[in-house]
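This is target.cif. It holds mmCIF, C-alpha atoms and all ligand atoms.
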```
data_structure
loop_
_atom_site.label_atom_id
_atom_site.label_comp_id
_atom_site.auth_asym_id
_atom_site.auth_seq_id
_atom_site.Cartn_x
_atom_site.Cartn_y
_atom_site.Cartn_z
CA MET C 1 -16.30 218.28 160.27
CA PRO C 2 -15.48 216.67 156.91
CA CYS C 3 -12.18 217.69 155.45
CA PRO C 4 -12.91 220.52 153.01
CA ALA C 5 -9.70 220.43 151.02
CA LEU C 6 -9.85 216.80 149.95
CA PRO C 7 -11.56 216.50 146.57
CA ASP C 8 -14.36 213.94 146.21
CA GLY C 9 -13.03 210.63 144.99
CA PHE C 10 -9.51 211.27 146.33
CA ASP C 11 -8.00 207.89 147.19
CA PHE C 12 -4.63 207.56 148.94
CA THR C 13 -4.18 204.10 147.45
CA ASP C 14 -4.68 205.11 143.85
CA PRO C 15 -1.53 203.88 142.05
CA ASP C 16 -1.75 206.78 139.60
CA LEU C 17 -1.30 209.11 142.55
CA LEU C 18 1.73 207.40 144.09
CA GLN C 19 3.33 207.12 140.69
CA HIS C 20 3.67 210.90 140.78
CA ARG C 21 4.05 211.80 144.44
CA VAL C 22 3.37 210.92 148.07
CA PRO C 23 0.28 212.99 148.94
CA LEU C 24 1.87 214.91 151.84
CA PRO C 25 -0.32 218.04 151.53
CA GLU C 26 -3.49 215.95 151.62
CA PHE C 27 -2.19 213.98 154.61
CA ALA C 28 -1.47 217.29 156.38
CA GLU C 29 -5.00 218.46 155.69
CA LEU C 30 -6.54 215.27 157.08
CA ARG C 31 -4.33 215.27 160.18
CA ARG C 32 -5.56 218.80 160.86
CA ALA C 33 -9.24 218.54 159.95
CA GLU C 34 -10.31 214.90 159.93
CA PRO C 35 -7.55 212.57 161.10
CA VAL C 36 -9.65 209.44 160.65
CA ARG C 37 -11.65 209.63 157.45
CA TRP C 38 -13.68 207.19 155.38
CA ILE C 39 -12.30 206.95 151.85
CA PRO C 40 -14.45 205.23 149.23
CA GLN C 41 -12.05 203.26 147.11
CA SER C 42 -11.59 204.48 143.59
CA GLY C 43 -10.80 202.89 140.26
CA ASN C 44 -9.89 199.31 139.69
CA ALA C 45 -9.36 197.93 143.19
CA ALA C 46 -10.27 194.23 143.22
CA GLY C 47 -14.05 193.83 143.28
CA PHE C 48 -14.39 191.98 146.57
CA GLN C 49 -12.71 194.70 148.59
CA ASP C 50 -13.66 197.88 146.86
CA GLU C 51 -15.92 199.23 149.54
CA GLY C 52 -13.46 201.70 151.01
CA TYR C 53 -11.36 202.11 154.14
CA TRP C 54 -10.73 204.44 157.05
CA ALA C 55 -7.61 206.54 156.44
CA VAL C 56 -5.73 206.94 159.75
CA THR C 57 -3.21 209.75 159.43
CA ARG C 58 -2.01 210.90 162.87
CA HIS C 59 1.10 209.42 164.47
CA ALA C 60 -0.70 208.61 167.75
CA ASP C 61 -3.59 206.86 165.96
CA VAL C 62 -1.31 204.84 163.66
CA LYS C 63 0.53 203.67 166.79
CA TYR C 64 -2.71 202.88 168.57
CA VAL C 65 -4.03 200.74 165.70
CA SER C 66 -0.68 198.94 165.35
CA THR C 67 -0.46 198.09 169.04
CA HIS C 68 -4.03 196.81 169.46
CA PRO C 69 -4.21 193.66 167.32
CA GLU C 70 -7.21 192.45 169.32
CA ILE C 71 -9.25 195.37 167.90
CA PHE C 72 -7.44 195.85 164.60
CA SER C 73 -6.69 192.46 163.12
CA SER C 74 -4.11 191.58 160.49
CA TYR C 75 -5.67 188.21 159.83
CA LEU C 76 -6.35 187.44 156.20
CA ASN C 77 -6.51 191.04 155.20
CA THR C 78 -3.34 190.78 153.17
CA ALA C 79 -1.82 193.87 154.76
CA ILE C 80 -2.06 195.90 151.60
CA ILE C 81 -5.15 198.05 151.18
CA ARG C 82 -5.58 197.79 147.45
CA PHE C 83 -4.95 194.85 145.22
CA ASN C 84 -5.23 195.26 141.55
CA GLU C 85 -7.67 193.16 139.59
CA HIS C 86 -4.95 190.70 138.61
CA ILE C 87 -4.55 189.40 142.11
CA ARG C 88 -7.04 186.63 142.57
CA ARG C 89 -8.98 185.45 145.55
CA GLU C 90 -7.08 182.17 145.78
CA SER C 91 -3.71 183.88 146.01
CA ILE C 92 -5.04 186.06 148.80
CA ASP C 93 -6.28 183.02 150.73
CA ALA C 94 -2.82 181.50 150.50
CA GLN C 95 -1.42 184.64 152.08
CA ARG C 96 -2.72 183.62 155.49
CA PHE C 97 0.58 181.77 155.82
CA ILE C 98 2.49 185.07 155.67
CA MET C 99 3.22 186.33 159.17
CA LEU C 100 2.27 189.88 158.26
CA ASN C 101 -1.30 188.56 157.86
CA MET C 102 -1.45 186.67 161.17
CA ASP C 103 -2.73 187.64 164.60
CA PRO C 104 -1.59 186.44 168.02
CA PRO C 105 -1.30 183.63 169.10
CA GLU C 106 -0.29 182.17 165.66
CA HIS C 107 1.74 185.25 164.89
CA THR C 108 3.52 185.10 168.26
CA ARG C 109 4.48 181.46 167.68
CA VAL C 110 5.88 182.09 164.18
CA ARG C 111 7.61 185.31 165.17
CA GLN C 112 9.34 183.65 168.13
CA ILE C 113 10.77 181.07 165.78
CA VAL C 114 11.84 183.27 162.90
CA GLN C 115 13.38 185.95 165.05
CA ARG C 116 16.02 183.41 166.07
CA GLY C 117 17.55 184.16 162.68
CA PHE C 118 17.65 187.93 163.36
CA THR C 119 19.55 188.08 166.63
CA PRO C 120 22.00 190.99 167.05
CA ARG C 121 24.74 188.35 166.79
CA ALA C 122 23.42 187.08 163.45
CA ILE C 123 23.29 190.63 162.07
CA ARG C 124 26.76 191.50 163.44
CA GLY C 125 28.03 188.34 161.78
CA LEU C 126 27.09 189.77 158.39
CA GLU C 127 28.61 193.19 158.94
CA ASP C 128 32.15 192.69 157.63
CA ARG C 129 31.02 190.93 154.47
CA LEU C 130 28.36 193.55 153.80
CA ARG C 131 30.84 196.39 154.39
CA GLN C 132 33.14 194.90 151.77
CA ARG C 133 30.20 194.44 149.38
CA ALA C 134 29.13 198.06 149.90
CA ARG C 135 32.67 199.20 148.99
CA ASP C 136 32.72 196.99 145.91
CA ILE C 137 29.34 198.34 144.80
CA ALA C 138 30.47 201.96 145.18
CA GLU C 139 33.76 201.21 143.38
CA GLY C 140 31.83 199.57 140.56
CA ALA C 141 29.63 202.64 140.21
CA ARG C 142 32.68 204.92 140.09
CA ALA C 143 33.81 203.13 136.96
CA HIS C 144 30.89 204.59 134.97
CA GLU C 145 32.13 207.16 132.51
CA GLY C 146 28.83 208.90 131.92
CA PRO C 147 25.59 209.22 133.90
CA PHE C 148 24.25 205.98 135.33
CA ASP C 149 21.21 204.63 137.13
CA PHE C 150 21.77 204.66 140.89
CA VAL C 151 18.94 202.15 141.46
CA THR C 152 20.37 199.31 139.40
CA SER C 153 24.05 200.15 139.96
CA VAL C 154 23.97 200.81 143.70
CA ALA C 155 20.66 200.63 145.60
CA CYS C 156 19.52 197.17 144.43
CA GLU C 157 22.65 195.30 145.13
CA LEU C 158 23.34 195.46 148.89
CA PRO C 159 19.78 194.56 150.03
CA LEU C 160 19.83 191.59 147.67
CA GLN C 161 23.21 190.40 148.94
CA ALA C 162 22.22 190.96 152.58
CA ILE C 163 19.04 188.97 152.38
CA ALA C 164 20.72 186.25 150.36
CA GLU C 165 23.53 185.97 152.96
CA LEU C 166 20.98 185.81 155.74
CA ILE C 167 18.87 183.15 154.06
CA GLY C 168 21.95 181.29 152.80
CA ILE C 169 21.27 181.55 149.06
CA PRO C 170 24.33 180.70 146.94
CA GLN C 171 25.77 183.49 144.78
CA ASP C 172 24.69 181.90 141.50
CA ASP C 173 21.00 181.83 142.49
CA ARG C 174 20.78 185.40 143.80
CA ALA C 175 19.74 187.04 140.54
CA LYS C 176 16.85 184.58 140.28
CA ILE C 177 15.59 185.57 143.75
CA PHE C 178 15.82 189.21 142.80
CA GLU C 179 13.78 188.64 139.66
CA TRP C 180 11.09 186.65 141.48
CA SER C 181 10.76 189.26 144.22
CA ASN C 182 10.49 192.10 141.67
CA LYS C 183 7.76 190.27 139.84
CA MET C 184 5.75 189.85 143.00
CA ILE C 185 5.76 193.49 143.96
CA ALA C 186 5.61 195.58 140.80
CA TYR C 187 2.25 194.27 139.55
CA ASP C 188 0.66 197.71 139.51
CA ASP C 189 3.21 199.14 137.12
CA PRO C 190 2.40 198.46 133.45
CA GLU C 191 6.05 198.96 132.49
CA TYR C 192 6.79 195.51 133.91
CA ALA C 193 3.69 193.94 132.31
CA ILE C 194 3.25 191.49 135.15
CA THR C 195 0.14 189.37 134.84
CA ALA C 196 -1.52 187.42 137.63
CA GLU C 197 -0.02 184.25 136.18
CA VAL C 198 3.52 185.64 136.22
CA GLY C 199 3.16 186.95 139.79
CA GLN C 200 1.77 183.69 141.07
CA GLN C 201 4.28 181.62 139.17
CA SER C 202 7.12 183.67 140.66
CA ALA C 203 5.72 183.07 144.15
CA ALA C 204 5.37 179.34 143.45
CA GLU C 205 8.91 179.11 142.08
CA LEU C 206 10.37 180.96 145.05
CA ILE C 207 8.51 178.74 147.50
CA SER C 208 9.59 175.60 145.72
CA TYR C 209 13.19 176.89 145.72
CA ALA C 210 12.87 177.44 149.50
CA MET C 211 11.52 173.91 150.00
CA ASN C 212 14.48 172.44 148.10
CA MET C 213 16.86 174.46 150.24
CA ALA C 214 15.11 173.15 153.33
CA ALA C 215 15.53 169.56 152.19
CA GLU C 216 19.23 170.21 151.62
CA ARG C 217 19.72 171.87 155.01
CA LYS C 218 17.98 168.98 156.67
CA ARG C 219 20.68 166.73 155.31
CA CYS C 220 23.44 169.19 155.94
CA PRO C 221 22.70 172.10 158.35
CA ALA C 222 24.52 175.44 157.91
CA HIS C 223 24.69 178.75 159.82
CA ASP C 224 21.73 180.37 158.14
CA ILE C 225 18.10 181.14 158.74
CA VAL C 226 16.86 178.20 156.67
CA SER C 227 18.71 175.77 158.94
CA THR C 228 17.19 177.50 161.99
CA LEU C 229 13.72 177.23 160.50
CA VAL C 230 14.20 173.63 159.40
CA ALA C 231 15.12 172.73 162.99
CA ALA C 232 11.92 174.44 164.17
CA SER C 233 9.87 172.57 161.56
CA ASP C 234 11.36 169.31 162.80
CA GLU C 235 10.23 170.18 166.31
CA GLY C 236 6.74 170.59 164.83
CA ASN C 237 6.61 174.31 165.51
CA LEU C 238 6.47 175.62 161.97
CA ASN C 239 4.51 174.02 159.17
CA SER C 240 5.88 173.80 155.66
CA ASP C 241 3.51 176.46 154.24
CA GLU C 242 4.58 178.89 156.95
CA PHE C 243 8.20 178.11 156.16
CA GLY C 244 7.85 178.64 152.40
CA PHE C 245 5.91 181.86 152.74
CA PHE C 246 8.33 183.19 155.32
CA VAL C 247 11.24 182.83 152.92
CA LEU C 248 9.10 184.46 150.22
CA MET C 249 8.27 187.33 152.53
CA LEU C 250 11.90 187.84 153.49
CA ALA C 251 12.92 188.00 149.86
CA VAL C 252 10.31 190.65 149.11
CA ALA C 253 10.43 192.60 152.39
CA GLY C 254 14.20 192.61 152.53
CA ASN C 255 14.78 193.74 148.97
CA GLU C 256 12.26 196.31 147.87
CA THR C 257 11.96 198.38 151.01
CA THR C 258 15.66 198.84 151.63
CA ARG C 259 16.37 199.52 147.97
CA ASN C 260 13.82 202.33 147.98
CA ALA C 261 15.14 203.74 151.26
CA ILE C 262 18.65 203.88 149.78
CA THR C 263 17.46 205.47 146.54
CA HIS C 264 15.32 208.09 148.28
CA GLY C 265 18.17 208.72 150.70
CA MET C 266 20.55 209.45 147.82
CA HIS C 267 17.97 211.69 146.19
CA ALA C 268 17.44 213.53 149.49
CA PHE C 269 21.20 214.08 149.83
CA LEU C 270 21.55 215.32 146.26
CA THR C 271 18.66 217.75 146.64
CA HIS C 272 19.88 218.89 150.12
CA PRO C 273 23.59 219.41 149.40
CA GLU C 274 24.24 220.96 152.82
CA GLN C 275 23.03 217.70 154.42
CA TRP C 276 25.29 215.68 152.12
CA GLU C 277 28.26 217.85 153.14
CA LEU C 278 27.42 217.38 156.82
CA TYR C 279 26.99 213.66 156.32
CA LYS C 280 30.32 213.27 154.52
CA GLU C 281 32.13 215.24 157.18
CA ARG C 282 30.56 213.76 160.34
CA ARG C 283 28.88 210.47 159.33
CA PRO C 284 26.07 210.78 161.91
CA GLY C 285 24.59 207.48 163.06
CA THR C 286 21.19 209.19 163.08
CA ALA C 287 21.09 209.55 159.28
CA ALA C 288 19.70 206.09 158.47
CA GLU C 289 16.59 206.58 160.63
CA GLU C 290 16.01 210.01 159.11
CA ILE C 291 16.26 208.54 155.63
CA VAL C 292 13.58 205.98 156.51
CA ARG C 293 11.35 208.67 158.06
CA TRP C 294 11.84 210.96 155.07
CA ALA C 295 11.31 208.25 152.46
CA THR C 296 8.79 206.02 154.25
CA PRO C 297 9.15 203.25 151.62
CA VAL C 298 6.03 201.47 152.91
CA VAL C 299 3.36 204.16 152.68
CA SER C 300 0.56 202.15 154.32
CA PHE C 301 -0.67 198.81 155.56
CA GLN C 302 -4.15 197.83 156.61
CA ARG C 303 -6.01 196.16 159.43
CA THR C 304 -9.65 195.04 159.86
CA ALA C 305 -11.75 196.02 162.88
CA THR C 306 -12.75 192.97 164.95
CA GLN C 307 -15.43 194.89 166.86
CA ASP C 308 -17.29 198.20 166.82
CA THR C 309 -14.95 200.82 168.18
CA GLU C 310 -14.13 204.51 168.15
CA LEU C 311 -11.05 206.15 166.70
CA GLY C 312 -10.34 209.85 166.19
CA GLY C 313 -13.98 210.63 166.99
CA LYS C 314 -15.30 208.24 164.30
CA GLN C 315 -17.41 205.14 164.78
CA ILE C 316 -15.60 202.21 163.19
CA ARG C 317 -17.75 199.14 162.61
CA LYS C 318 -16.73 195.51 162.96
CA GLY C 319 -15.37 194.38 159.58
CA ASP C 320 -14.35 197.87 158.42
CA ARG C 321 -10.97 198.15 156.82
CA VAL C 322 -8.53 200.57 158.41
CA GLY C 323 -5.55 201.97 156.49
CA ILE C 324 -2.60 203.09 158.60
CA PHE C 325 -0.55 205.69 156.77
CA TYR C 326 3.02 205.59 158.01
CA ALA C 327 3.96 208.29 155.50
CA SER C 328 1.52 210.68 157.13
CA ALA C 329 2.50 209.75 160.70
CA ASN C 330 6.12 210.48 159.81
CA HIS C 331 5.27 214.09 159.00
CA ASP C 332 3.03 214.73 162.00
CA PRO C 333 4.00 218.10 163.55
CA GLU C 334 2.60 216.91 166.90
CA VAL C 335 5.63 214.61 167.07
CA PHE C 336 8.32 216.04 164.80
CA ASP C 337 9.80 219.55 164.83
CA ARG C 338 10.09 220.84 161.26
CA PRO C 339 8.62 217.58 159.90
CA ASP C 340 9.14 218.63 156.28
CA GLU C 341 12.88 219.19 156.72
CA PHE C 342 15.41 216.48 155.99
CA ASP C 343 17.80 216.60 158.94
CA VAL C 344 20.46 213.90 159.28
CA PHE C 345 21.02 214.82 162.93
CA ARG C 346 17.34 214.44 163.90
CA ASP C 347 17.27 212.92 167.37
CA PRO C 348 15.01 211.68 168.85
CA ASN C 349 13.30 210.34 165.75
CA PRO C 350 10.31 208.20 166.74
CA HIS C 351 9.25 207.62 163.12
CA LEU C 352 6.92 204.79 162.14
CA GLY C 353 8.66 203.84 158.88
CA PHE C 354 9.32 200.36 160.29
CA GLY C 355 5.80 200.07 161.70
CA GLY C 356 3.84 201.34 164.65
CA GLY C 357 5.59 199.35 167.38
CA GLY C 358 3.05 196.51 167.60
CA PRO C 359 3.60 192.78 167.18
CA HIS C 360 4.39 193.14 163.46
CA PHE C 361 7.14 195.73 163.94
CA CYS C 362 9.70 195.21 161.18
CA LEU C 363 11.80 192.16 161.91
CA GLY C 364 14.57 193.35 159.61
CA LYS C 365 15.00 196.84 161.04
CA SER C 366 18.56 196.39 162.38
CA LEU C 367 19.65 194.79 159.14
CA ALA C 368 18.07 197.59 157.09
CA VAL C 369 19.71 200.30 159.24
CA LEU C 370 23.06 198.54 158.95
CA GLU C 371 22.75 198.35 155.16
CA ILE C 372 21.80 202.01 154.83
CA ASN C 373 24.75 203.06 157.01
CA LEU C 374 27.19 200.86 155.11
CA ILE C 375 26.12 201.97 151.67
CA PHE C 376 26.15 205.71 152.43
CA ASN C 377 29.53 205.43 154.11
CA ALA C 378 30.86 203.70 151.00
CA VAL C 379 29.24 206.22 148.64
CA ALA C 380 30.54 209.15 150.70
CA ASP C 381 34.09 207.71 150.56
CA THR C 382 34.05 206.69 146.91
CA LEU C 383 31.59 208.97 145.12
CA PRO C 384 31.62 212.19 147.16
CA GLY C 385 30.87 214.38 144.13
CA LEU C 386 27.82 212.51 142.88
CA ARG C 387 25.28 214.79 141.19
CA LEU C 388 21.68 214.48 140.12
CA VAL C 389 21.16 214.22 136.37
CA GLU C 390 17.39 213.66 136.18
CA ASP C 391 14.46 213.55 138.55
CA PRO C 392 13.62 210.06 139.79
CA ARG C 393 11.29 207.90 137.75
CA ARG C 394 8.72 206.59 140.20
CA LEU C 395 7.08 203.18 140.54
CA ARG C 396 3.34 202.90 139.98
CA SER C 397 2.11 201.27 143.17
CA ALA C 398 -0.78 201.48 145.65
CA TRP C 399 1.40 201.27 148.76
CA ILE C 400 5.12 201.51 147.99
CA ASN C 401 7.00 204.75 147.68
CA GLY C 402 9.23 203.34 144.98
CA VAL C 403 11.74 204.59 142.46
CA LYS C 404 12.55 202.70 139.27
CA GLU C 405 15.36 204.89 138.04
CA LEU C 406 17.56 207.67 139.45
CA ARG C 407 20.07 209.03 136.94
CA VAL C 408 23.21 210.42 138.57
CA GLY C 409 26.67 211.43 137.39
CA VAL C 410 30.11 211.11 138.96
CA GLY C 411 31.86 214.43 139.64
C1 LIG S 1 7.42 194.23 158.63
C2 LIG S 1 9.14 198.38 156.78
C3 LIG S 1 13.39 196.21 155.78
C4 LIG S 1 11.48 191.99 157.16
C5 LIG S 1 7.54 195.55 158.23
C6 LIG S 1 6.51 196.55 158.40
C7 LIG S 1 6.99 197.70 157.87
C8 LIG S 1 8.33 197.45 157.38
C9 LIG S 1 6.27 199.04 157.79
C10 LIG S 1 5.12 196.33 159.03
C11 LIG S 1 5.13 196.72 160.47
C12 LIG S 1 3.78 196.68 161.13
O1 LIG S 1 2.78 196.22 160.53
O2 LIG S 1 3.74 197.10 162.30
C13 LIG S 1 10.44 198.14 156.36
C14 LIG S 1 11.32 199.15 155.80
C15 LIG S 1 12.50 198.55 155.53
C16 LIG S 1 12.38 197.16 155.91
C17 LIG S 1 10.92 200.60 155.57
C18 LIG S 1 13.77 199.11 154.95
C19 LIG S 1 14.13 200.38 155.01
C20 LIG S 1 13.25 194.88 156.08
C21 LIG S 1 14.27 193.89 155.91
C22 LIG S 1 13.71 192.69 156.27
C23 LIG S 1 12.34 192.94 156.70
C24 LIG S 1 15.70 194.16 155.43
C25 LIG S 1 14.30 191.32 156.30
C26 LIG S 1 15.50 190.99 156.07
C27 LIG S 1 10.23 192.26 157.66
C28 LIG S 1 9.34 191.21 158.19
C29 LIG S 1 8.17 191.87 158.60
C30 LIG S 1 8.36 193.28 158.34
C31 LIG S 1 9.63 189.71 158.24
C32 LIG S 1 6.92 191.21 159.21
C33 LIG S 1 7.01 191.14 160.68
C34 LIG S 1 5.78 190.55 161.32
O3 LIG S 1 4.72 190.43 160.69
O4 LIG S 1 5.90 190.20 162.49
N1 LIG S 1 8.65 196.12 157.64
N2 LIG S 1 11.11 196.95 156.40
N3 LIG S 1 12.11 194.28 156.57
N4 LIG S 1 9.62 193.48 157.79
FE1 LIG S 1 10.41 195.23 157.21
#
```
Written form, structure tokens:
Amino acid sequence: MPCPALPDGFDFTDPDLLQHRVPLPEFAELRRAEPVRWIPQSGNAAGFQDEGYWAVTRHADVKYVSTHPEIFSSYLNTAIIRFNEHIRRESIDAQRFIMLNMDPPEHTRVRQIVQRGFTPRAIRGLEDRLRQRARDIAEGARAHEGPFDFVTSVACELPLQAIAELIGIPQDDRAKIFEWSNKMIAYDDPEYAITAEVGQQSAAELISYAMNMAAERKRCPAHDIVSTLVAASDEGNLNSDEFGFFVLMLAVAGNETTRNAITHGMHAFLTHPEQWELYKERRPGTAAEEIVRWATPVVSFQRTATQDTELGGKQIRKGDRVGIFYASANHDPEVFDRPDEFDVFRDPNPHLGFGGGGPHFCLGKSLAVLEINLIFNAVADTLPGLRLVEDPRRLRSAWINGVKELRVGVG
């Protein structure tokens, strides 16, 4: 039965919608009445892919799609359901070098190489430096005399430093990386006025920066991911496009997602003061995962069906696009008790905020969880009386649950 409560023309990837809210009531309605539903794409989605997509909203179905790459391919579908008209065909073709857009066996080969840079040892090796950075960031924020923006003063900084440490980017170049990565992701928001040219130029500059780093590390290897990848390239296992796009992806994936998780986490604490009190008192290790479930910074990704198949009682045809909505899965009452409550002690918490457990499962999960823990510990120690001054100002985006500004006050 078609879902009665969803108005005609409702599109979960409409940037005007996400600029205001994550459509949780509509997700709930679909999960109940029509968990896999065809959504004709609205508005200004790029012409060559404006035919629509299947919205997959239940936890079990999102997991199923994610773990069956042979039926639901990531190849060349650019992961994101909607591109705005500025993103051109040629830039999408180039994106086949990004691992998020690969299928096994290419994906398996690249993933095996790059995950050498994400071993538990490599992440542990960053912990002390990141803890100190988190303290410095919180101390810096305490110095504000009046209200300040939590996003720029706190949430941006640790993810940037973490990813820069991991990649091995010198301190002086870090702001540049941050700027490039912002320009590549905020193209749907007119406030940033990012044209296709600017987005593509940022990508090209970042890739060329990465190539220069690689040349340097070849001469003089260091303990960083670039050196690991350069060694793999020398063995012939990773081509130079794959290398450049991997560094680009790390810069984007490592910055934006974690920044939004931290900002939403702070907002959740300030609007659930009893949870903030509990957190400050007991520092539960479960809080970071709950923040990611609650915020779900990546609302959706997409796949393409490689064959005719059935899902949630619907006939999916070969070539159909399939949108997997992590934000909906993370509120599925079949899996979560009281899914609409923010509960820092939630355990177990099988959320899909880092992906549905398939081959593309977030490579940076342990780093992201570490960062979230470190920053909230530092904020709880240094800024225990933080208060909300204004509601968050949200990013206009088709797939990111983003916040541009969160005004808070000390004490
Ligand atoms: C993939 C979310 C932080 C690197 C993904 C995926 C999601 C995600 C949903 C796709 C999973 C799938 O398709 O099954 C997040 C969230 C983060 C976060 C919510 C923060 C709270 C990070 C960080 C890094 C990172 C810090 C790197 C330092 C990656 C990479 C992939 C990925 C490389 C692609 C993996 C592949 O295709 O095999 N992430 N991520 N992420 N993430 Fe994250």
Contacts to ligand LIG 1 (chain S) at 6 Å cut-off (all atoms listed in the file) as number ranges by chain: C: 66, 99-100, 111, 163, 250, 253-254, 257-258, 261, 292, 296-298, 353-365, 367-368
Nearest-residue call for His68 in chain C, choices C:Arg174, C:Arg293, C:His264, C:Arg303, using only C-alpha atoms: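 That would be C:Arg303, the residue with the smallest distance to His68 in chain C.
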Protein/DNA/RNA residues near (12.4, 200.2, 141.7), cut 7 Å, all atoms listed in the file, as a short mmCIF file (atom, residue, chain, number, x, y, z; two decimals) with C-alpha atoms, keeping the file's coordinate frame:
```
data_model
loop_
_atom_site.label_atom_id
_atom_site.label_comp_id
_atom_site.auth_asym_id
_atom_site.auth_seq_id
_atom_site.Cartn_x
_atom_site.Cartn_y
_atom_site.Cartn_z
CA VAL C 151 18.94 202.15 141.46
CA ASN C 260 13.82 202.33 147.98
CA LEU C 395 7.08 203.18 140.54
CA GLY C 402 9.23 203.34 144.98
CA VAL C 403 11.74 204.59 142.46
CA LYS C 404 12.55 202.70 139.27
CA GLU C 405 15.36 204.89 138.04
#
```
Report, in Å to a single decimal, how far apart CA of Thr286 in chain C and CA of Ser397 in chain C are.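 Going from CA of Ser397 in chain C over to CA of Thr286 in chain C covers 28.7 Å.
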Within-10 Å shell of (14.6, 176.5, 150.7) in input frame, all atoms listed in the file, as a PyMOL selection string: chain C and resi 167-169+206-217+225-227+229-230+243-244+247-248
Applying 12 Å and all atoms listed in the file, which residues near Pro333 in chain C remain after dropping the ones on its own chain fewer than 6 positions away? List them as a PDB file with C-alpha atoms, in the frame of the given file.
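Okay, this is what ended up in selection.pdb:
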```
ATOM      1  CA  PHE C  27      -2.190 213.980 154.610  1.00  0.00           C
ATOM      2  CA  ALA C  28      -1.470 217.290 156.380  1.00  0.00           C
ATOM      3  CA  GLU C  29      -5.000 218.460 155.690  1.00  0.00           C
ATOM      4  CA  ARG C  31      -4.330 215.270 160.180  1.00  0.00           C
ATOM      5  CA  ARG C  32      -5.560 218.800 160.860  1.00  0.00           C
ATOM      6  CA  THR C  57      -3.210 209.750 159.430  1.00  0.00           C
ATOM      7  CA  ARG C  58      -2.010 210.900 162.870  1.00  0.00           C
ATOM      8  CA  HIS C  59       1.100 209.420 164.470  1.00  0.00           C
ATOM      9  CA  ALA C  60      -0.700 208.610 167.750  1.00  0.00           C
ATOM     10  CA  PRO C 339       8.620 217.580 159.900  1.00  0.00           C
ATOM     11  CA  ASP C 340       9.140 218.630 156.280  1.00  0.00           C
ATOM     12  CA  GLU C 341      12.880 219.190 156.720  1.00  0.00           C
ATOM     13  CA  HIS C 351       9.250 207.620 163.120  1.00  0.00           C
TER      14      HIS C 351
END
```
One number please: CA of Ile113 in chain C to CA of Leu166 in chain C, in Å, one decimal.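 We find that CA of Ile113 in chain C and CA of Leu166 in chain C lie 15.1 Å from each other.
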Closest of C:Glu179, C:Glu310, C:Asp188, C:Asp320 to Pro40 in chain C - atom-to-atom distances counting only C-alpha atoms: C:Asp320
Between C:Glu205, C:Glu157, C:Asp136, C:Glu281, which one has atoms that come closest to Glu371 in chain C, using only C-alpha atoms? C:Glu157
Kindly indicate which residue among C:Glu197, C:Asp149, C:Asp332, C:Asp343 lies nearest to Thr263 in chain C, using only C-alpha atoms for the distances. C:Asp149
What gap, in Å, lies between CA of Phe148 in chain C and CA of Lys176 in chain C?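 CA of Phe148 in chain C sits 23.2 Å away from CA of Lys176 in chain C.
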